[in-house]
>>> print(open('target-v3.cif').read())   # mmCIF, C-alpha atoms and all ligand atoms
data_query
loop_
_atom_site.label_atom_id
_atom_site.label_comp_id
_atom_site.auth_asym_id
_atom_site.auth_seq_id
_atom_site.Cartn_x
_atom_site.Cartn_y
_atom_site.Cartn_z
CA MET A 1 -8.02 28.04 -10.40
CA TYR A 2 -8.71 27.87 -6.71
CA LEU A 3 -5.90 30.32 -5.91
CA TRP A 4 -7.20 32.70 -8.56
CA ARG A 5 -10.63 32.88 -6.91
CA VAL A 6 -9.21 33.51 -3.42
CA TRP A 7 -6.96 36.25 -4.73
CA ASN A 8 -9.86 37.98 -6.53
CA ARG A 9 -12.07 37.87 -3.47
CA ALA A 10 -9.34 39.27 -1.22
CA ALA A 11 -8.68 42.11 -3.64
CA ARG A 12 -12.36 43.06 -3.72
CA LEU A 13 -12.56 42.90 0.07
CA CYS A 14 -9.69 45.33 0.53
CA ALA A 15 -11.06 47.76 -2.03
CA THR A 16 -14.48 48.34 -0.39
CA ASP A 17 -15.76 49.82 2.92
CA SER A 18 -12.51 49.29 4.75
CA ASP A 19 -13.51 52.17 7.13
CA ASN A 20 -16.69 50.40 8.21
CA TRP A 21 -15.53 47.93 10.91
CA GLN A 22 -18.73 45.92 11.19
CA ASN A 23 -19.07 45.61 7.51
CA PHE A 24 -15.45 44.63 7.30
CA MET A 25 -15.86 41.85 9.91
CA TYR A 26 -18.96 40.59 8.18
CA ARG A 27 -17.24 40.51 4.82
CA PHE A 28 -14.13 38.98 6.32
CA PHE A 29 -16.18 36.20 7.87
CA GLN A 30 -18.05 35.65 4.63
CA PHE A 31 -14.75 35.54 2.74
CA LYS A 32 -13.32 32.96 5.15
CA MET A 33 -16.35 30.70 4.94
CA THR A 34 -16.47 30.84 1.17
CA SER A 35 -12.76 30.19 0.98
CA LEU A 36 -13.09 27.24 3.31
CA ALA A 37 -15.90 25.80 1.23
CA THR A 38 -13.89 26.27 -1.95
CA LEU A 39 -10.91 24.62 -0.32
CA LEU A 40 -13.05 21.68 0.77
CA VAL A 41 -14.51 21.18 -2.70
CA ALA A 42 -11.05 21.38 -4.24
CA PHE A 43 -9.72 18.88 -1.69
CA CYS A 44 -12.54 16.38 -2.32
CA PHE A 45 -12.07 16.77 -6.08
CA HIS A 46 -8.36 16.14 -5.63
CA ILE A 47 -8.92 12.97 -3.61
CA SER A 48 -11.53 11.54 -5.96
CA THR A 49 -9.75 12.10 -9.28
CA ALA A 50 -6.19 13.34 -9.11
CA HIS A 51 -4.59 10.05 -8.12
CA ALA A 52 -6.32 7.76 -10.60
CA ASP A 53 -4.07 8.05 -13.59
CA TRP A 54 -1.95 6.30 -16.17
CA HIS A 55 1.54 5.44 -14.98
CA GLN A 56 4.30 4.34 -17.29
CA ARG A 57 7.90 3.22 -17.29
CA THR A 58 10.43 2.18 -19.92
CA ASP A 59 13.59 0.15 -19.24
CA ALA A 60 16.14 -1.68 -21.41
CA ILE A 61 16.21 -5.38 -20.50
CA MET A 62 16.71 -8.59 -22.53
CA GLY A 63 18.44 -6.49 -25.16
CA THR A 64 15.21 -4.69 -25.93
CA ARG A 65 12.81 -1.95 -24.86
CA ILE A 66 10.48 -2.94 -22.04
CA PHE A 67 7.47 -0.70 -21.61
CA VAL A 68 4.69 -0.89 -19.06
CA GLU A 69 1.72 1.42 -18.67
CA LEU A 70 -1.11 0.88 -16.24
CA TRP A 71 -4.10 2.66 -14.76
CA HIS A 72 -4.03 2.95 -10.99
CA ASP A 73 -5.52 5.18 -8.31
CA ASP A 74 -2.40 5.08 -6.16
CA ALA A 75 0.87 6.37 -7.59
CA VAL A 76 3.04 4.58 -5.02
CA THR A 77 1.42 1.20 -5.70
CA ALA A 78 1.70 1.84 -9.44
CA GLN A 79 5.45 2.47 -9.11
CA ARG A 80 5.86 -0.68 -7.03
CA LEU A 81 3.99 -2.78 -9.60
CA MET A 82 6.03 -1.39 -12.47
CA GLN A 83 9.19 -2.22 -10.50
CA GLN A 84 7.89 -5.78 -10.06
CA VAL A 85 7.34 -6.03 -13.81
CA MET A 86 10.92 -4.92 -14.48
CA ASP A 87 12.26 -7.30 -11.80
CA GLU A 88 10.41 -10.15 -13.48
CA MET A 89 11.96 -9.25 -16.84
CA HIS A 90 15.41 -9.26 -15.23
CA ARG A 91 14.71 -12.61 -13.57
CA ILE A 92 13.72 -14.23 -16.86
CA ASP A 93 16.72 -12.69 -18.61
CA GLU A 94 19.02 -14.09 -15.90
CA LEU A 95 17.51 -17.53 -16.55
CA MET A 96 17.21 -17.59 -20.33
CA SER A 97 19.90 -15.33 -21.75
CA PRO A 98 22.25 -17.09 -24.20
CA TYR A 99 24.95 -14.51 -23.38
CA LYS A 100 25.06 -14.42 -19.58
CA GLU A 101 27.40 -17.08 -18.21
CA THR A 102 25.27 -17.51 -15.10
CA ALA A 103 22.05 -18.10 -17.08
CA GLN A 104 20.82 -21.69 -17.12
CA LEU A 105 20.33 -21.51 -20.87
CA PHE A 106 24.00 -20.54 -21.26
CA VAL A 107 25.00 -23.50 -19.07
CA ILE A 108 22.88 -25.87 -21.18
CA ASN A 109 24.69 -24.73 -24.33
CA ARG A 110 28.06 -25.07 -22.61
CA ASP A 111 27.59 -28.46 -20.92
CA ALA A 112 24.63 -30.41 -22.34
CA ALA A 113 26.67 -32.23 -24.99
CA GLN A 114 28.85 -33.70 -22.22
CA LYS A 115 26.21 -34.53 -19.61
CA PRO A 116 22.52 -33.97 -18.88
CA VAL A 117 22.06 -30.50 -17.40
CA ALA A 118 19.46 -30.07 -14.67
CA ILE A 119 17.37 -26.90 -15.01
CA THR A 120 14.41 -25.28 -13.26
CA PRO A 121 10.94 -26.66 -14.08
CA GLU A 122 10.09 -23.21 -15.46
CA LEU A 123 12.82 -23.30 -18.12
CA PHE A 124 12.13 -26.97 -18.80
CA ASP A 125 8.45 -26.19 -19.38
CA LEU A 126 9.22 -23.35 -21.80
CA ILE A 127 11.49 -25.68 -23.79
CA GLN A 128 8.58 -28.11 -23.99
CA VAL A 129 6.18 -25.36 -25.04
CA SER A 130 8.69 -24.40 -27.75
CA ASN A 131 8.74 -27.98 -28.96
CA HIS A 132 4.96 -27.89 -29.15
CA TYR A 133 5.25 -25.04 -31.68
CA SER A 134 7.87 -27.08 -33.53
CA ASP A 135 5.38 -29.93 -33.81
CA LEU A 136 2.62 -27.53 -34.93
CA SER A 137 4.80 -26.00 -37.62
CA GLY A 138 6.46 -29.11 -38.99
CA GLY A 139 9.80 -27.97 -37.55
CA ALA A 140 9.79 -24.37 -38.82
CA PHE A 141 9.96 -23.13 -35.23
CA ASP A 142 12.90 -24.95 -33.66
CA ILE A 143 14.96 -23.70 -30.74
CA THR A 144 17.92 -25.79 -31.96
CA PHE A 145 18.13 -23.32 -34.88
CA ALA A 146 20.83 -21.79 -32.66
CA SER A 147 23.22 -24.56 -33.70
CA LEU A 148 23.51 -22.52 -36.89
CA GLY A 149 22.18 -19.19 -35.66
CA HIS A 150 24.99 -18.60 -33.14
CA GLN A 151 27.48 -18.49 -36.00
CA PHE A 152 25.98 -15.21 -37.21
CA ASP A 153 26.93 -11.85 -35.80
CA TYR A 154 24.50 -9.38 -37.35
CA ARG A 155 26.15 -6.31 -35.84
CA LYS A 156 29.60 -7.26 -37.14
CA GLN A 157 28.13 -8.60 -40.41
CA VAL A 158 29.62 -12.05 -39.82
CA ARG A 159 28.16 -15.23 -41.29
CA PRO A 160 29.52 -18.78 -41.49
CA ASP A 161 31.28 -20.12 -44.58
CA GLU A 162 29.49 -22.81 -46.54
CA ALA A 163 31.04 -25.76 -44.66
CA HIS A 164 30.12 -24.35 -41.25
CA ARG A 165 26.68 -23.33 -42.45
CA LYS A 166 25.97 -26.90 -43.56
CA SER A 167 27.35 -28.53 -40.41
CA GLY A 168 25.39 -26.08 -38.26
CA GLN A 169 22.19 -26.72 -40.18
CA ALA A 170 22.65 -30.49 -39.82
CA LEU A 171 22.43 -30.08 -36.05
CA ILE A 172 19.03 -28.36 -36.13
CA ASN A 173 16.49 -30.87 -34.89
CA TYR A 174 14.37 -30.33 -31.82
CA LYS A 175 13.41 -34.01 -31.81
CA ALA A 176 17.00 -34.93 -31.05
CA LEU A 177 16.93 -33.00 -27.77
CA GLN A 178 16.88 -35.45 -24.87
CA LEU A 179 14.53 -34.07 -22.25
CA ASP A 180 13.96 -35.91 -18.99
CA ALA A 181 10.67 -34.62 -17.61
CA LYS A 182 11.21 -36.22 -14.19
CA LYS A 183 14.71 -34.94 -13.55
CA HIS A 184 14.22 -31.76 -15.59
CA THR A 185 17.41 -32.35 -17.51
CA VAL A 186 18.46 -31.51 -21.06
CA PHE A 187 21.03 -33.48 -23.02
CA PHE A 188 22.42 -32.79 -26.50
CA PRO A 189 23.24 -36.04 -28.35
CA HIS A 190 25.60 -34.17 -30.70
CA PRO A 191 28.42 -31.81 -29.85
CA GLY A 192 27.87 -28.38 -31.34
CA MET A 193 24.12 -28.42 -30.71
CA ARG A 194 22.67 -25.29 -29.15
CA ILE A 195 19.32 -23.88 -28.19
CA ASP A 196 18.01 -20.30 -28.03
CA LEU A 197 14.64 -19.06 -26.80
CA GLY A 198 14.82 -15.69 -28.62
CA GLY A 199 11.69 -16.56 -30.60
CA ILE A 200 9.48 -17.11 -27.53
CA ALA A 201 11.09 -15.79 -24.30
CA LYS A 202 9.97 -12.17 -24.65
CA GLY A 203 6.38 -13.20 -25.18
CA TYR A 204 6.65 -15.49 -22.16
CA ALA A 205 8.08 -12.64 -20.09
CA VAL A 206 5.21 -10.36 -21.14
CA ASP A 207 2.70 -13.00 -20.00
CA LYS A 208 4.44 -13.32 -16.63
CA ALA A 209 4.41 -9.54 -16.20
CA ILE A 210 0.71 -9.31 -17.05
CA ALA A 211 0.00 -12.08 -14.51
CA ILE A 212 1.67 -9.95 -11.83
CA LEU A 213 -0.56 -7.00 -12.71
CA GLN A 214 -3.69 -9.17 -12.82
CA GLN A 215 -2.91 -10.56 -9.37
CA ALA A 216 -2.73 -6.98 -8.12
CA SER A 217 -6.22 -6.35 -9.55
CA VAL A 218 -4.99 -4.03 -12.30
CA THR A 219 -7.64 -4.02 -15.03
CA ASN A 220 -6.14 -1.70 -17.68
CA ALA A 221 -2.52 -2.08 -18.73
CA ILE A 222 -0.07 -2.75 -21.52
CA VAL A 223 3.25 -4.57 -21.26
CA THR A 224 5.64 -4.50 -24.22
CA ALA A 225 8.95 -6.30 -24.75
CA GLY A 226 10.36 -5.33 -28.15
CA GLY A 227 7.84 -6.54 -30.71
CA ASP A 228 5.64 -8.33 -28.19
CA SER A 229 2.76 -6.60 -26.41
CA ARG A 230 -0.12 -7.76 -24.28
CA LEU A 231 -3.12 -5.59 -23.52
CA LEU A 232 -5.07 -5.92 -20.31
CA GLY A 233 -8.51 -4.41 -20.74
CA ASP A 234 -8.84 -1.31 -22.89
CA ARG A 235 -7.68 2.30 -22.57
CA ARG A 236 -10.59 3.07 -20.28
CA GLY A 237 -13.47 3.28 -22.70
CA ARG A 238 -11.36 3.40 -25.84
CA PRO A 239 -9.30 0.71 -27.56
CA TRP A 240 -5.51 0.68 -27.52
CA LEU A 241 -4.22 1.79 -30.90
CA MET A 242 -1.45 -0.63 -31.80
CA GLY A 243 0.77 0.18 -34.75
CA ILE A 244 2.46 -2.43 -36.90
CA LYS A 245 5.80 -0.96 -37.86
CA HIS A 246 6.35 -0.22 -41.52
CA PRO A 247 9.00 -2.77 -42.46
CA ARG A 248 10.96 -0.29 -44.55
CA ALA A 249 10.17 3.11 -43.01
CA ASP A 250 10.11 4.76 -39.62
CA SER A 251 6.33 4.83 -39.42
CA HIS A 252 3.36 2.56 -38.90
CA ALA A 253 2.10 0.54 -41.84
CA ILE A 254 -1.14 -0.48 -40.13
CA THR A 255 -2.86 0.65 -36.95
CA LEU A 256 -5.23 -1.68 -35.11
CA PRO A 257 -7.73 -0.76 -32.38
CA LEU A 258 -7.42 -3.57 -29.82
CA ASP A 259 -8.17 -4.62 -26.26
CA ASN A 260 -7.59 -7.69 -24.11
CA ILE A 261 -5.26 -9.41 -26.55
CA SER A 262 -1.63 -10.15 -27.36
CA ILE A 263 0.07 -8.82 -30.47
CA SER A 264 3.54 -9.79 -31.69
CA THR A 265 5.44 -8.70 -34.76
CA SER A 266 8.54 -10.30 -36.25
CA GLY A 267 10.46 -8.47 -38.94
CA ASP A 268 13.52 -8.87 -41.12
CA TYR A 269 14.58 -5.33 -40.12
CA GLU A 270 15.39 -5.98 -36.46
CA ARG A 271 18.84 -7.54 -36.74
CA TYR A 272 20.30 -7.96 -40.20
CA PHE A 273 23.00 -7.09 -42.66
CA GLU A 274 23.07 -7.14 -46.42
CA GLU A 275 25.58 -8.61 -48.83
CA ASP A 276 25.16 -7.96 -52.55
CA GLY A 277 21.55 -7.00 -51.96
CA VAL A 278 20.80 -10.21 -50.01
CA ARG A 279 19.49 -9.69 -46.49
CA PHE A 280 20.74 -11.98 -43.73
CA HIS A 281 18.55 -11.55 -40.67
CA HIS A 282 17.96 -13.07 -37.27
CA ILE A 283 15.27 -15.58 -38.25
CA ILE A 284 16.49 -18.88 -39.68
CA ASP A 285 14.57 -21.41 -41.69
CA PRO A 286 15.78 -24.80 -40.41
CA LYS A 287 14.99 -26.48 -43.74
CA LYS A 288 17.05 -24.02 -45.78
CA GLY A 289 19.71 -23.12 -43.24
CA ASP A 290 19.18 -19.53 -44.32
CA SER A 291 16.99 -16.49 -43.58
CA PRO A 292 13.50 -16.73 -45.09
CA ARG A 293 12.88 -13.93 -47.61
CA GLU A 294 9.29 -14.25 -48.80
CA LEU A 295 7.94 -12.04 -45.99
CA VAL A 296 9.29 -8.90 -44.37
CA SER A 297 6.89 -8.67 -41.42
CA THR A 298 4.54 -11.04 -39.61
CA THR A 299 2.05 -10.00 -36.96
CA ILE A 300 0.09 -12.40 -34.80
CA LEU A 301 -2.89 -11.66 -32.58
CA ALA A 302 -3.50 -14.31 -29.94
CA ASN A 303 -4.82 -14.80 -26.43
CA ASN A 304 -1.38 -14.78 -24.86
CA SER A 305 2.04 -13.46 -25.78
CA THR A 306 3.94 -16.75 -25.54
CA GLU A 307 1.80 -18.03 -28.39
CA ALA A 308 1.83 -14.75 -30.35
CA ASP A 309 5.64 -14.54 -30.10
CA ALA A 310 6.28 -18.15 -31.13
CA LEU A 311 3.83 -17.91 -34.00
CA SER A 312 5.12 -14.59 -35.35
CA THR A 313 8.55 -16.19 -35.77
CA THR A 314 6.98 -19.40 -37.09
CA LEU A 315 4.84 -17.71 -39.75
CA PHE A 316 7.80 -15.64 -40.88
CA ILE A 317 9.47 -18.93 -41.79
CA LEU A 318 6.40 -20.69 -43.18
CA GLY A 319 5.53 -17.86 -45.59
CA VAL A 320 2.11 -16.78 -46.88
CA GLU A 321 0.47 -20.05 -47.89
CA LYS A 322 1.56 -22.38 -45.12
CA GLY A 323 1.59 -19.59 -42.55
CA LEU A 324 -2.00 -18.51 -43.15
CA ALA A 325 -3.12 -22.14 -43.27
CA LEU A 326 -1.63 -22.63 -39.80
CA ALA A 327 -3.16 -19.42 -38.41
CA ASN A 328 -6.55 -20.33 -39.87
CA ARG A 329 -6.64 -23.67 -38.11
CA LEU A 330 -5.56 -22.35 -34.69
CA PRO A 331 -8.46 -21.04 -32.57
CA GLY A 332 -8.06 -17.45 -31.36
CA VAL A 333 -5.13 -16.74 -33.70
CA SER A 334 -5.11 -14.04 -36.39
CA ALA A 335 -2.28 -13.13 -38.74
CA ILE A 336 -1.25 -10.11 -40.78
CA LEU A 337 1.66 -10.80 -43.11
CA ILE A 338 3.51 -8.30 -45.30
CA ASP A 339 5.42 -9.80 -48.21
CA HIS A 340 8.56 -8.43 -49.85
CA ALA A 341 6.43 -6.60 -52.47
CA GLY A 342 4.51 -4.82 -49.71
CA LYS A 343 1.32 -6.82 -50.19
CA VAL A 344 -0.60 -7.47 -46.99
CA HIS A 345 -2.09 -10.93 -46.37
CA TYR A 346 -4.66 -11.61 -43.64
CA SER A 347 -5.95 -14.73 -41.94
CA ASP A 348 -9.56 -15.52 -42.86
CA ASP A 349 -11.07 -14.14 -39.63
CA LEU A 350 -9.80 -10.62 -40.31
CA ALA A 351 -11.93 -10.40 -43.46
CA PRO A 352 -9.98 -7.71 -45.32
CA PRO A 353 -11.55 -5.35 -47.82
CA ALA A 354 -11.56 -6.97 -51.28
CA ALA A 355 -8.57 -5.04 -52.58
CA SER A 356 -6.25 -4.05 -49.77
CA ALA A 357 -3.60 -1.51 -50.66
CA PRO A 358 0.00 -2.69 -50.64
CA VAL A 359 2.39 -1.14 -48.14
CA ARG A 360 4.83 1.16 -49.94
P1 LIG A 401 12.54 -10.39 -31.77
O1 LIG A 401 11.39 -9.85 -31.00
O2 LIG A 401 13.79 -10.62 -31.02
O3 LIG A 401 12.75 -9.73 -33.09
P2 LIG A 401 11.13 -12.53 -33.04
O4 LIG A 401 9.93 -12.98 -32.33
O5 LIG A 401 10.99 -11.76 -34.26
O6 LIG A 401 12.12 -11.87 -32.01
O7 LIG A 401 11.98 -13.84 -33.35
C1 LIG A 401 13.31 -13.76 -33.80
C2 LIG A 401 14.18 -14.55 -32.88
O8 LIG A 401 13.74 -15.91 -32.90
C3 LIG A 401 15.61 -14.59 -33.33
O9 LIG A 401 16.37 -13.53 -32.83
C4 LIG A 401 16.07 -15.91 -32.80
O10 LIG A 401 16.50 -15.77 -31.46
C5 LIG A 401 14.84 -16.78 -32.82
N1 LIG A 401 14.75 -17.67 -33.98
C6 LIG A 401 15.27 -17.50 -35.23
N2 LIG A 401 14.96 -18.52 -36.04
C7 LIG A 401 14.21 -19.38 -35.28
C8 LIG A 401 13.60 -20.64 -35.53
N3 LIG A 401 13.66 -21.24 -36.72
N4 LIG A 401 12.93 -21.21 -34.52
C9 LIG A 401 12.85 -20.64 -33.30
N5 LIG A 401 13.41 -19.47 -33.00
C10 LIG A 401 14.08 -18.84 -33.97
MG MG A 402 8.57 -14.24 -32.09
#
>>> encode(input="target-v3.cif", output="structure tokens", more="lines below")
Ligand code: ADP
Ligand code: MG
Amino acid sequence: MYLWRVWNRAARLCATDSDNWQNFMYRFFQFKMTSLATLLVAFCFHISTAHADWHQRTDAIMGTRIFVELWHDDAVTAQRLMQQVMDEMHRIDELMSPYKETAQLFVINRDAAQKPVAITPELFDLIQVSNHYSDLSGGAFDITFASLGHQFDYRKQVRPDEAHRKSGQALINYKALQLDAKKHTVFFPHPGMRIDLGGIAKGYAVDKAIAILQQASVTNAIVTAGGDSRLLGDRRGRPWLMGIKHPRADSHAITLPLDNISISTSGDYERYFEEDGVRFHHIIDPKKGDSPRELVSTTILANNSTEADALSTTLFILGVEKGLALANRLPGVSAILIDHAGKVHYSDDLAPPAASAPVR
């Protein structure tokens, strides 16, 4: 725009009175001053607005898609903050991955049946937070589900035979975990016991990432790890539009305008295989020793992502009646559940229209 105006003015200047020297000098001077003024205005405009912008980055960490988007007036600082978010995700993955041999969680599963394993207070605390959700849910959420869960390989369509399924299920019991809060040790009283934080670690990581952004005075941002997102502020005057994935199609079943909140969705479509029309997926009901099949998708809104993540997995297992009862008694928690027939169920606070259309 600016260049266009300068070019126009220069063209006009050359086309008129070029034989009149005085006139030429006058016009030349006038042209220069106007150009300078235009340049100044453009420069000021550039400084005041051009740098404040949305910045975003997507990486693959923790076996999932990590996305961060934030509003910042300095592109370099924005890049540095997004790098810090990704570094934090890597750090948590290095601590809590069940697959990485150097991760403390891996070491627990390898050694804790032989001797108490000392871990960082951070990991110890998250195990205790997990057990809190086990207490809340009557044992539906239970990180020792992995005693059975590790026998499944959803990609290779492998599941345990009946004998192994039963022996694995018998080892699921978070109350049996021996946790020493002073020494920060974990001990498994039974060989074969395992733990896995897959139902809560991503939400925890999202919270840690948001804390980094808050400390840097970022006021508008989103951090997503797979199905777990936390929103800081709004989209600058507008809400964030958060889609709940259609459980059986590549589209959104429901879109919610949100700000300043965490939203987590668990689904039976993430990791699964089918045998004779029966779906075996990555969530395990400790009481049945099998995947729960009443619901196909559970979404939780909560004040932080650790809670939203743990509860989305929990309500998937509890089902409509018990799940909504739990959401209704927890302050600041809302739930949107989609059952296998496509019917949507809401917690009381979301006050749905009398007849809500099923998802098809
Ligand atoms: P994701 O975002 O990985 O899909 P979800 O929040 O939907 O995670 O939770 C599913 C994960 O929770 C599983 O992959 C598994 O690691 C873990 N999980 C499965 N069953 C249970 C259970 N009964 N209690 C706690 N965690 C579980
Ligand atoms: Mg979860």
>>> residues_around(input="target-v3.cif", residues="A:His55", least_positions_apart="4", cutoff="12 Å", atoms="all atoms listed in the file", output="mmCIF file with C-alpha atoms, in the coordinates of the input")
data_model
loop_
_atom_site.group_PDB
_atom_site.id
_atom_site.type_symbol
_atom_site.label_atom_id
_atom_site.label_comp_id
_atom_site.auth_asym_id
_atom_site.auth_seq_id
_atom_site.Cartn_x
_atom_site.Cartn_y
_atom_site.Cartn_z
ATOM 1 C CA HIS A 51 -4.590 10.050 -8.120
ATOM 2 C CA PHE A 67 7.470 -0.700 -21.610
ATOM 3 C CA VAL A 68 4.690 -0.890 -19.060
ATOM 4 C CA GLU A 69 1.720 1.420 -18.670
ATOM 5 C CA LEU A 70 -1.110 0.880 -16.240
ATOM 6 C CA TRP A 71 -4.100 2.660 -14.760
ATOM 7 C CA HIS A 72 -4.030 2.950 -10.990
ATOM 8 C CA ASP A 73 -5.520 5.180 -8.310
ATOM 9 C CA ASP A 74 -2.400 5.080 -6.160
ATOM 10 C CA ALA A 75 0.870 6.370 -7.590
ATOM 11 C CA VAL A 76 3.040 4.580 -5.020
ATOM 12 C CA THR A 77 1.420 1.200 -5.700
ATOM 13 C CA ALA A 78 1.700 1.840 -9.440
ATOM 14 C CA GLN A 79 5.450 2.470 -9.110
ATOM 15 C CA ARG A 80 5.860 -0.680 -7.030
ATOM 16 C CA LEU A 81 3.990 -2.780 -9.600
ATOM 17 C CA MET A 82 6.030 -1.390 -12.470
ATOM 18 C CA GLN A 83 9.190 -2.220 -10.500
ATOM 19 C CA VAL A 218 -4.990 -4.030 -12.300
ATOM 20 C CA ASN A 220 -6.140 -1.700 -17.680
ATOM 21 C CA ALA A 221 -2.520 -2.080 -18.730
ATOM 22 C CA ILE A 222 -0.070 -2.750 -21.520
ATOM 23 C CA VAL A 223 3.250 -4.570 -21.260
#
>>> closest_atom_pairs(input="target-v3.cif", of="chain A", to="ligand MG 402 (chain A)", cutoff="12 Å", atoms="only C-alpha atoms and all ligand atoms", output="Markdown table")
| residue | atom | partner | partner_atom | distance |
| --- | --- | --- | --- | --- |
| A:Ser130 | CA | A:MG402 | MG | 11.0 |
| A:Tyr133 | CA | A:MG402 | MG | 11.3 |
| A:Phe141 | CA | A:MG402 | MG | 9.5 |
| A:Asp142 | CA | A:MG402 | MG | 11.7 |
| A:Ile143 | CA | A:MG402 | MG | 11.5 |
| A:Asp196 | CA | A:MG402 | MG | 11.9 |
| A:Leu197 | CA | A:MG402 | MG | 9.4 |
| A:Gly198 | CA | A:MG402 | MG | 7.3 |
| A:Gly199 | CA | A:MG402 | MG | 4.2 |
| A:Ile200 | CA | A:MG402 | MG | 5.5 |
| A:Ala201 | CA | A:MG402 | MG | 8.3 |
| A:Lys202 | CA | A:MG402 | MG | 7.8 |
| A:Gly203 | CA | A:MG402 | MG | 7.3 |
| A:Tyr204 | CA | A:MG402 | MG | 10.2 |
| A:Ala225 | CA | A:MG402 | MG | 10.8 |
| A:Gly226 | CA | A:MG402 | MG | 9.9 |
| A:Gly227 | CA | A:MG402 | MG | 7.9 |
| A:Asp228 | CA | A:MG402 | MG | 7.7 |
| A:Ser229 | CA | A:MG402 | MG | 11.2 |
| A:Ser262 | CA | A:MG402 | MG | 12.0 |
| A:Ile263 | CA | A:MG402 | MG | 10.2 |
| A:Ser264 | CA | A:MG402 | MG | 6.7 |
| A:Thr265 | CA | A:MG402 | MG | 6.9 |
| A:Ser266 | CA | A:MG402 | MG | 5.7 |
| A:Gly267 | CA | A:MG402 | MG | 9.2 |
| A:Asp268 | CA | A:MG402 | MG | 11.6 |
| A:Glu270 | CA | A:MG402 | MG | 11.6 |
| A:His282 | CA | A:MG402 | MG | 10.8 |
| A:Ile283 | CA | A:MG402 | MG | 9.2 |
| A:Ile284 | CA | A:MG402 | MG | 11.9 |
| A:Ser297 | CA | A:MG402 | MG | 11.0 |
| A:Thr298 | CA | A:MG402 | MG | 9.1 |
| A:Thr299 | CA | A:MG402 | MG | 9.2 |
| A:Ile300 | CA | A:MG402 | MG | 9.1 |
| A:Leu301 | CA | A:MG402 | MG | 11.8 |
| A:Ser305 | CA | A:MG402 | MG | 9.1 |
| A:Thr306 | CA | A:MG402 | MG | 8.4 |
| A:Glu307 | CA | A:MG402 | MG | 8.6 |
| A:Ala308 | CA | A:MG402 | MG | 7.0 |
| A:Asp309 | CA | A:MG402 | MG | 3.6 |
| A:Ala310 | CA | A:MG402 | MG | 4.6 |
| A:Leu311 | CA | A:MG402 | MG | 6.3 |
| A:Ser312 | CA | A:MG402 | MG | 4.8 |
| A:Thr313 | CA | A:MG402 | MG | 4.2 |
| A:Thr314 | CA | A:MG402 | MG | 7.4 |
| A:Leu315 | CA | A:MG402 | MG | 9.2 |
| A:Phe316 | CA | A:MG402 | MG | 8.9 |
| A:Ile317 | CA | A:MG402 | MG | 10.8 |
>>> axis_aligned_box(input="target-v3.cif", around="stretch 72-85 of chain A", padding_each_side="8 Å", output="lines of an AutoDock Vina configuration file")
center_x = 1.8
center_y = 0.2
center_z = -9.4
size_x = 30.7
size_y = 28.4
size_z = 24.8
>>> closest_residue(input="target-v3.cif", among="A:Leu136, A:Arg236, A:Arg360, A:Pro116", to="A:Asp53", atoms="all atoms listed in the file")
A:Arg236
>>> closest_residue(input="target-v3.cif", among="A:Thr58, A:Gln215, A:Ser167, A:Ser134", to="ligand LIG 401 (chain A)", atoms="all atoms listed in the file")
A:Ser134
>>> residues_near_point(input="target-v3.cif", point="(24.5, -8.1, -37.8)", cutoff="10 Å", atoms="all atoms listed in the file", output="tab-separated table (two decimals) with C-alpha atoms, in the coordinates of the input")
chain	number	residue	atom	x	y	z
A	152	PHE	CA	25.98	-15.21	-37.21
A	153	ASP	CA	26.93	-11.85	-35.80
A	154	TYR	CA	24.50	-9.38	-37.35
A	155	ARG	CA	26.15	-6.31	-35.84
A	156	LYS	CA	29.60	-7.26	-37.14
A	157	GLN	CA	28.13	-8.60	-40.41
A	158	VAL	CA	29.62	-12.05	-39.82
A	159	ARG	CA	28.16	-15.23	-41.29
A	270	GLU	CA	15.39	-5.98	-36.46
A	271	ARG	CA	18.84	-7.54	-36.74
A	272	TYR	CA	20.30	-7.96	-40.20
A	273	PHE	CA	23.00	-7.09	-42.66
A	274	GLU	CA	23.07	-7.14	-46.42
A	280	PHE	CA	20.74	-11.98	-43.73
A	281	HIS	CA	18.55	-11.55	-40.67
A	282	HIS	CA	17.96	-13.07	-37.27
>>> closest_residue(input="target-v3.cif", among="A:Asp259, A:Pro98, A:Lys343, A:Pro239", to="ligand LIG 401 (chain A)", atoms="only C-alpha atoms and all ligand atoms")
A:Pro98
>>> residues_around(input="target-v3.cif", residues="A:Asp250", least_positions_apart="6", cutoff="12 Å", atoms="only C-alpha atoms", output="PDB file with C-alpha atoms, in the coordinates of the input")
ATOM      1  CA  GLY A 243       0.770   0.180 -34.750  1.00  0.00           C
ATOM      2  CA  ILE A 244       2.460  -2.430 -36.900  1.00  0.00           C
ATOM      3  CA  TYR A 269      14.580  -5.330 -40.120  1.00  0.00           C
TER       4      TYR A 269
END
>>> atom_distance(input="target-v3.cif", atom1="atom CA of A:Ala211", atom2="atom CA of A:Val129")
18.0 Å
>>> closest_residue(input="target-v3.cif", among="A:Asp135, A:Asp348, A:Glu162, A:Glu321", to="ligand LIG 401 (chain A)", atoms="only C-alpha atoms and all ligand atoms")
A:Asp135
>>> residues_near_point(input="target-v3.cif", point="(-11.4, -12.1, -24.0)", cutoff="9 Å", atoms="only C-alpha atoms", output="PyMOL selection string")
chain A and resi 233+259-261+303
>>> atom_distance(input="target-v3.cif", atom1="atom CA of A:His132", atom2="atom CA of A:Tyr174")
10.1 Å
>>> closest_residue(input="target-v3.cif", among="A:Lys100, A:Lys287, A:His184, A:Lys322", to="ligand LIG 401 (chain A)", atoms="only C-alpha atoms and all ligand atoms")
A:Lys287
>>> residues_around(input="target-v3.cif", residues="A:Lys208", least_positions_apart="4", cutoff="9 Å", atoms="all atoms listed in the file", output="ChimeraX atom specification")
/A:85,88-89,203-204,212-213
